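run_13.txt follows (compact mmCIF, C-alpha atoms):
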# COMPACT_ATOMS: atom_id res chain seq x y z
CA MET A 1 -61.04 40.43 -11.70
CA SER A 2 -57.55 39.32 -12.69
CA ARG A 3 -56.46 35.73 -12.39
CA ARG A 4 -53.43 34.79 -10.38
CA SER A 5 -50.90 32.61 -12.14
CA HIS A 6 -50.78 28.98 -11.05
CA PHE A 7 -47.02 29.02 -11.52
CA PRO A 8 -44.58 30.43 -8.92
CA ARG A 9 -42.73 33.57 -9.84
CA ARG A 10 -39.22 32.73 -11.08
CA LEU A 11 -36.75 33.56 -8.30
CA ILE A 12 -33.81 34.00 -10.68
CA ASP A 13 -34.14 35.12 -14.26
CA THR A 14 -31.86 32.69 -16.07
CA THR A 15 -32.20 34.61 -19.31
CA THR A 16 -30.27 37.64 -18.11
CA GLY A 17 -26.70 38.22 -19.17
CA TRP A 18 -25.32 38.41 -15.65
CA PHE A 19 -26.67 34.97 -14.79
CA ARG A 20 -25.05 33.41 -17.84
CA VAL A 21 -21.74 35.06 -16.91
CA LEU A 22 -22.04 33.69 -13.36
CA VAL A 23 -22.61 30.15 -14.69
CA MET A 24 -19.57 30.47 -16.96
CA VAL A 25 -17.38 31.68 -14.06
CA VAL A 26 -18.45 28.81 -11.81
CA ALA A 27 -17.92 26.27 -14.61
CA ALA A 28 -14.46 27.67 -15.34
CA ALA A 29 -13.52 27.44 -11.67
CA ILE A 30 -14.62 23.80 -11.47
CA ILE A 31 -12.72 22.93 -14.65
CA GLY A 32 -9.64 24.71 -13.29
CA ILE A 33 -9.71 22.77 -10.03
CA CYS A 34 -10.13 19.46 -11.84
CA ALA A 35 -7.32 20.31 -14.24
CA ALA A 36 -4.99 21.21 -11.38
CA VAL A 37 -5.67 17.93 -9.61
CA LEU A 38 -5.16 15.98 -12.84
CA LEU A 39 -1.92 17.78 -13.62
CA THR A 40 -0.42 16.89 -10.24
CA LYS A 41 -1.15 13.25 -10.98
CA LEU A 42 0.21 13.32 -14.52
CA SER A 43 3.16 15.65 -14.13
CA PRO A 44 5.79 15.09 -11.42
CA GLY A 45 7.02 18.65 -12.01
CA VAL A 46 3.64 20.17 -11.23
CA ALA A 47 3.27 17.93 -8.18
CA GLU A 48 6.66 19.08 -6.92
CA ILE A 49 5.67 22.74 -7.31
CA THR A 50 2.35 22.24 -5.49
CA GLY A 51 4.09 20.38 -2.64
CA GLU A 52 2.40 17.01 -3.13
CA HIS A 53 5.76 15.25 -3.03
CA THR A 54 6.96 16.88 0.17
CA ALA A 55 6.55 15.34 3.60
CA THR A 56 7.67 15.82 7.18
CA GLY A 57 7.95 13.49 10.12
CA GLN A 58 10.11 10.59 11.23
CA ALA A 59 9.16 8.27 8.35
CA ALA A 60 9.98 10.99 5.82
CA ASP A 61 13.31 11.61 7.56
CA VAL A 62 14.26 7.93 7.28
CA LEU A 63 13.17 7.88 3.65
CA ALA A 64 15.57 10.75 2.98
CA THR A 65 18.47 8.54 4.11
CA LEU A 66 17.77 5.85 1.50
CA GLU A 67 19.84 5.73 -1.67
CA VAL A 68 17.93 6.70 -4.80
CA SER A 69 18.86 4.55 -7.78
CA ASP A 70 17.27 4.25 -11.21
CA GLU A 71 19.80 1.78 -12.56
CA ALA A 72 18.64 -0.89 -14.98
CA ASN A 73 17.17 -4.12 -13.66
CA PRO A 74 20.17 -6.38 -12.88
CA GLY A 75 18.26 -9.46 -14.09
CA GLY A 76 18.69 -12.99 -12.78
CA TYR A 77 15.88 -12.84 -10.21
CA ASP A 78 14.64 -16.18 -8.94
CA ARG A 79 12.30 -16.40 -5.95
CA ASP A 80 14.00 -19.60 -4.80
CA LEU A 81 17.22 -17.65 -4.20
CA PHE A 82 15.52 -16.11 -1.13
CA GLY A 83 14.57 -19.38 0.57
CA PHE A 84 11.19 -18.25 1.86
CA ARG A 85 9.94 -20.72 4.49
CA LYS A 86 13.19 -22.69 4.31
CA VAL A 87 14.57 -21.39 7.61
CA ASP A 88 13.21 -20.94 11.12
CA ALA A 89 14.05 -17.27 11.73
CA ASN A 90 13.03 -17.20 15.40
CA ASN A 91 14.03 -20.79 16.26
CA ASP A 92 10.59 -21.70 17.60
CA GLY A 93 10.28 -24.82 15.48
CA CYS A 94 7.38 -23.40 13.45
CA ASP A 95 7.09 -22.53 9.78
CA VAL A 96 7.23 -18.75 9.27
CA ARG A 97 3.82 -18.76 7.54
CA GLU A 98 2.29 -20.24 10.68
CA ASP A 99 4.11 -17.69 12.83
CA ILE A 100 2.63 -14.79 10.84
CA LEU A 101 -0.86 -16.28 10.78
CA ALA A 102 -0.72 -16.74 14.55
CA ARG A 103 0.51 -13.16 14.98
CA ASP A 104 -1.89 -11.38 12.63
CA LEU A 105 -5.12 -13.36 13.01
CA THR A 106 -7.50 -13.22 15.96
CA ASP A 107 -9.56 -16.07 17.44
CA VAL A 108 -6.82 -18.46 16.34
CA THR A 109 -7.29 -22.22 16.67
CA TYR A 110 -4.62 -24.84 15.97
CA LYS A 111 -4.72 -28.19 14.24
CA TYR A 112 -4.18 -29.89 17.60
CA ARG A 113 -2.86 -28.99 21.04
CA GLY A 114 0.81 -28.01 20.85
CA SER A 115 0.72 -27.72 17.05
CA CYS A 116 2.19 -24.79 15.09
CA THR A 117 -0.37 -25.23 12.33
CA VAL A 118 -3.13 -22.61 12.39
CA ALA A 119 -6.46 -24.26 11.63
CA SER A 120 -8.67 -21.17 11.66
CA GLY A 121 -8.87 -17.54 12.63
CA VAL A 122 -10.12 -14.11 11.66
CA LEU A 123 -8.09 -11.58 9.68
CA HIS A 124 -8.88 -7.89 9.74
CA ASP A 125 -7.13 -7.32 6.45
CA PRO A 126 -5.04 -4.14 6.35
CA TYR A 127 -4.87 -3.99 2.54
CA THR A 128 -8.61 -4.03 1.82
CA GLY A 129 -10.23 -3.30 5.17
CA LYS A 130 -12.24 -6.52 4.89
CA THR A 131 -12.75 -9.07 7.65
CA ILE A 132 -11.81 -12.53 6.40
CA THR A 133 -12.61 -15.80 8.12
CA PHE A 134 -9.66 -18.11 7.58
CA THR A 135 -10.17 -21.86 7.46
CA ARG A 136 -7.31 -24.14 6.51
CA GLY A 137 -8.05 -26.31 3.49
CA VAL A 138 -6.98 -27.07 -0.06
CA LYS A 139 -9.55 -24.65 -1.47
CA THR A 140 -9.68 -22.12 1.37
CA SER A 141 -6.16 -21.49 2.68
CA SER A 142 -5.28 -19.13 -0.17
CA ALA A 143 -7.90 -16.63 1.05
CA VAL A 144 -5.19 -15.40 3.40
CA GLN A 145 -1.63 -15.13 2.08
CA ILE A 146 1.67 -13.91 3.51
CA ASP A 147 2.93 -10.81 1.75
CA HIS A 148 6.47 -9.48 1.64
CA VAL A 149 5.82 -5.78 2.21
CA VAL A 150 8.95 -5.07 0.19
CA ALA A 151 8.52 -7.71 -2.49
CA LEU A 152 11.39 -10.13 -3.08
CA GLU A 153 11.84 -9.05 -6.69
CA ASN A 154 11.78 -5.40 -5.64
CA ALA A 155 14.48 -6.19 -3.08
CA TRP A 156 16.51 -7.97 -5.76
CA ARG A 157 16.45 -4.88 -7.97
CA SER A 158 17.16 -2.62 -4.98
CA GLY A 159 20.39 -4.32 -3.93
CA ALA A 160 19.65 -7.92 -2.88
CA HIS A 161 21.17 -9.24 -6.12
CA ALA A 162 24.56 -8.53 -4.52
CA TRP A 163 23.80 -10.30 -1.22
CA ASP A 164 24.99 -13.70 -0.14
CA THR A 165 22.53 -16.54 0.45
CA SER A 166 22.32 -16.12 4.22
CA LYS A 167 21.30 -12.46 3.97
CA ARG A 168 18.67 -13.17 1.31
CA TYR A 169 17.25 -15.96 3.49
CA ALA A 170 17.19 -13.65 6.52
CA PHE A 171 15.38 -10.98 4.52
CA ALA A 172 12.75 -13.31 3.06
CA ASN A 173 11.89 -14.81 6.45
CA ASP A 174 12.03 -11.64 8.55
CA PRO A 175 8.65 -11.13 10.29
CA TYR A 176 9.21 -7.36 10.06
CA ASN A 177 8.69 -7.63 6.29
CA LEU A 178 5.79 -10.08 6.44
CA LEU A 179 2.04 -9.50 6.77
CA ALA A 180 -0.98 -11.80 6.58
CA VAL A 181 -3.26 -10.22 3.98
CA ASP A 182 -6.15 -10.81 1.62
CA GLY A 183 -5.06 -13.34 -1.01
CA PRO A 184 -6.41 -11.54 -4.10
CA ALA A 185 -4.87 -8.24 -2.91
CA ASN A 186 -1.51 -9.95 -2.54
CA GLN A 187 -1.79 -11.38 -6.04
CA SER A 188 -2.74 -7.96 -7.40
CA LYS A 189 0.33 -6.37 -5.83
CA GLY A 190 2.78 -8.93 -7.17
CA SER A 191 6.28 -7.44 -7.02
CA ALA A 192 5.15 -3.84 -7.50
CA SER A 193 6.69 -0.97 -5.56
CA ALA A 194 4.67 1.88 -4.05
CA ALA A 195 4.99 3.67 -7.40
CA TYR A 196 2.65 1.13 -8.97
CA TRP A 197 0.58 -0.36 -6.16
CA LEU A 198 -0.93 0.82 -2.89
CA PRO A 199 -3.56 -0.84 -0.65
CA THR A 200 -7.15 -0.06 -1.64
CA ASN A 201 -7.72 0.62 2.05
CA SER A 202 -6.53 4.25 2.02
CA ALA A 203 -6.52 4.36 5.83
CA TYR A 204 -3.61 1.90 5.85
CA ARG A 205 -1.43 3.52 3.18
CA CYS A 206 0.66 5.61 5.56
CA ASP A 207 1.45 2.56 7.71
CA TYR A 208 2.17 0.55 4.58
CA VAL A 209 4.76 2.89 3.08
CA ALA A 210 6.27 3.52 6.52
CA ARG A 211 6.91 -0.21 6.89
CA GLN A 212 8.44 -0.31 3.41
CA ILE A 213 10.75 2.51 4.45
CA GLY A 214 11.67 0.61 7.62
CA VAL A 215 12.45 -2.58 5.72
CA LYS A 216 14.56 -0.78 3.13
CA ALA A 217 16.44 1.11 5.83
CA LYS A 218 17.07 -2.08 7.82
CA TYR A 219 18.55 -3.84 4.78
CA SER A 220 20.15 -0.80 3.08
CA LEU A 221 18.01 -1.16 -0.03
CA SER A 222 17.53 1.67 -2.52
CA VAL A 223 14.39 3.28 -3.89
CA THR A 224 13.75 4.53 -7.41
CA SER A 225 12.86 8.14 -8.12
CA ASN A 226 9.26 7.19 -8.94
CA GLU A 227 9.01 5.03 -5.84
CA LYS A 228 10.28 7.82 -3.60
CA ARG A 229 7.85 10.35 -5.10
CA ALA A 230 4.92 7.96 -4.59
CA ILE A 231 5.89 7.35 -0.96
CA LEU A 232 6.28 11.07 -0.31
CA ALA A 233 2.84 11.71 -1.80
CA VAL A 234 1.39 9.29 0.75
CA LEU A 235 3.41 10.67 3.66
CA HIS A 236 2.31 14.17 2.67
CA THR A 237 -1.09 13.24 4.13
CA CYS A 238 0.29 11.98 7.47
CA PRO A 239 3.10 14.23 8.76
CA ALA A 240 3.26 12.46 12.13
CA GLN A 241 3.92 9.04 10.57
CA GLU A 242 6.67 6.99 12.20
CA VAL A 243 8.52 3.94 10.98
CA PRO A 244 7.27 0.84 12.85
CA GLN A 245 9.76 -0.64 15.31
CA SER A 246 8.59 -4.25 14.99
Can you present the structure in this file as structure tokens?
Amino acid sequence: MSRRSHFPRRLIDTTTGWFRVLVMVVAAAIIGICAAVLLTKLSPGVAEITGEHTATGQAADVLATLEVSDEANPGGYDRDLFGFRKVDANNDGCDVREDILARDLTDVTYKYRGSCTVASGVLHDPYTGKTITFTRGVKTSSAVQIDHVVALENAWRSGAHAWDTSKRYAFANDPYNLLAVDGPANQSKGSASAAYWLPTNSAYRCDYVARQIGVKAKYSLSVTSNEKRAILAVLHTCPAQEVPQS
């Protein structure tokens, strides 16, 4: 009487030539896909050919109206030239930081009745997607910071170096260009344009670049070639994106 093997019969004979060829074909396909993706990230020319830097929609249309300039940095930037928090843009008697905290936070409480000073609140941070509990204090206030969506130094390089003081002050204190955001994310961004920094919260990137477009259009600021390509790559994923009105 013959014994049955305790081992299951091999479903696929991996020693045959056709199986090895199949493995090689699949591996080559995977490598090709990865290489194509990498090339679009490393080579603007390849990305242009594959359509990554093309976009449609209202935000893309407004972007197309912006001047593209790769001129050298004009130099002379000084943050104090913009007078952030030195004017009351909406004439409500409150510091612009407090205005933005009150606008962007939920469950807001104030230092005392009738005060402009926000004592606490909750931020659903657009840049990271985190929920941050804000409590005013020497060691805690910096957890939530006010970001210039188009950074002041970026604006300086994009045309603000030629503005007069009143226009720079208006720009720096315009609520349209201000967002309450996660402090570390704001520090990470610094003065970077969209070519070098985007929110880690990918779900917010389309809204983010659309607001940058809106700010630059409002103040007739230029974009660099790299900045425009980076914005188009984001808008490529959201063809219905509009520029925010407020």
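Distance-wise, atom CA of Tyr127 of chain A and atom CA of Pro199 of chain A end up 4.7 Å apart.
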So what do you get for atom CA of Ser69 of chain A versus atom CA of Ser220 of chain A, distance-wise? 12.2 Å
Excluding Val62 of chain A and its own-chain neighbours fewer than 2 positions away, which residues fall within 10 Å of it when counting all atoms listed in the file? Please give them as a list of chain:residue names. A:Gly57, A:Gln58, A:Ala59, A:Ala60, A:Ala64, A:Thr65, A:Leu66, A:Ala210, A:Ile213, A:Gly214, A:Lys216, A:Ala217, A:Glu242, A:Val243
Tell me which protein, DNA and RNA residues are within 9 Å of Asn226 of chain A, counting only C-alpha atoms, leaving out same-chain ones fewer than 5 positions away, and put them as a list in words. Pro44, Asp70, Ala194, Ala195, Tyr196 and Ile231 of chain A
For those residues, write C-alpha atoms to a file as a compact mmCIF listing (two decimals), in the coordinates of the input.
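Wrote it out as again_32.txt, contents follow:
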# COMPACT_ATOMS: atom_id res chain seq x y z
CA PRO A 44 5.79 15.09 -11.42
CA ASP A 70 17.27 4.25 -11.21
CA ALA A 194 4.67 1.88 -4.05
CA ALA A 195 4.99 3.67 -7.40
CA TYR A 196 2.65 1.13 -8.97
CA ILE A 231 5.89 7.35 -0.96
Looking at all atoms listed in the file, which of A:Ala180, A:Val144, A:His53, A:Thr133 is the one that sits closest to Asp99 of chain A? A:Ala180
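Considering all atoms listed in the file, the residue among A:Gly159, A:Gly129, A:Ser141, A:Leu221 positioned nearest to Arg205 of chain A is A:Gly129.
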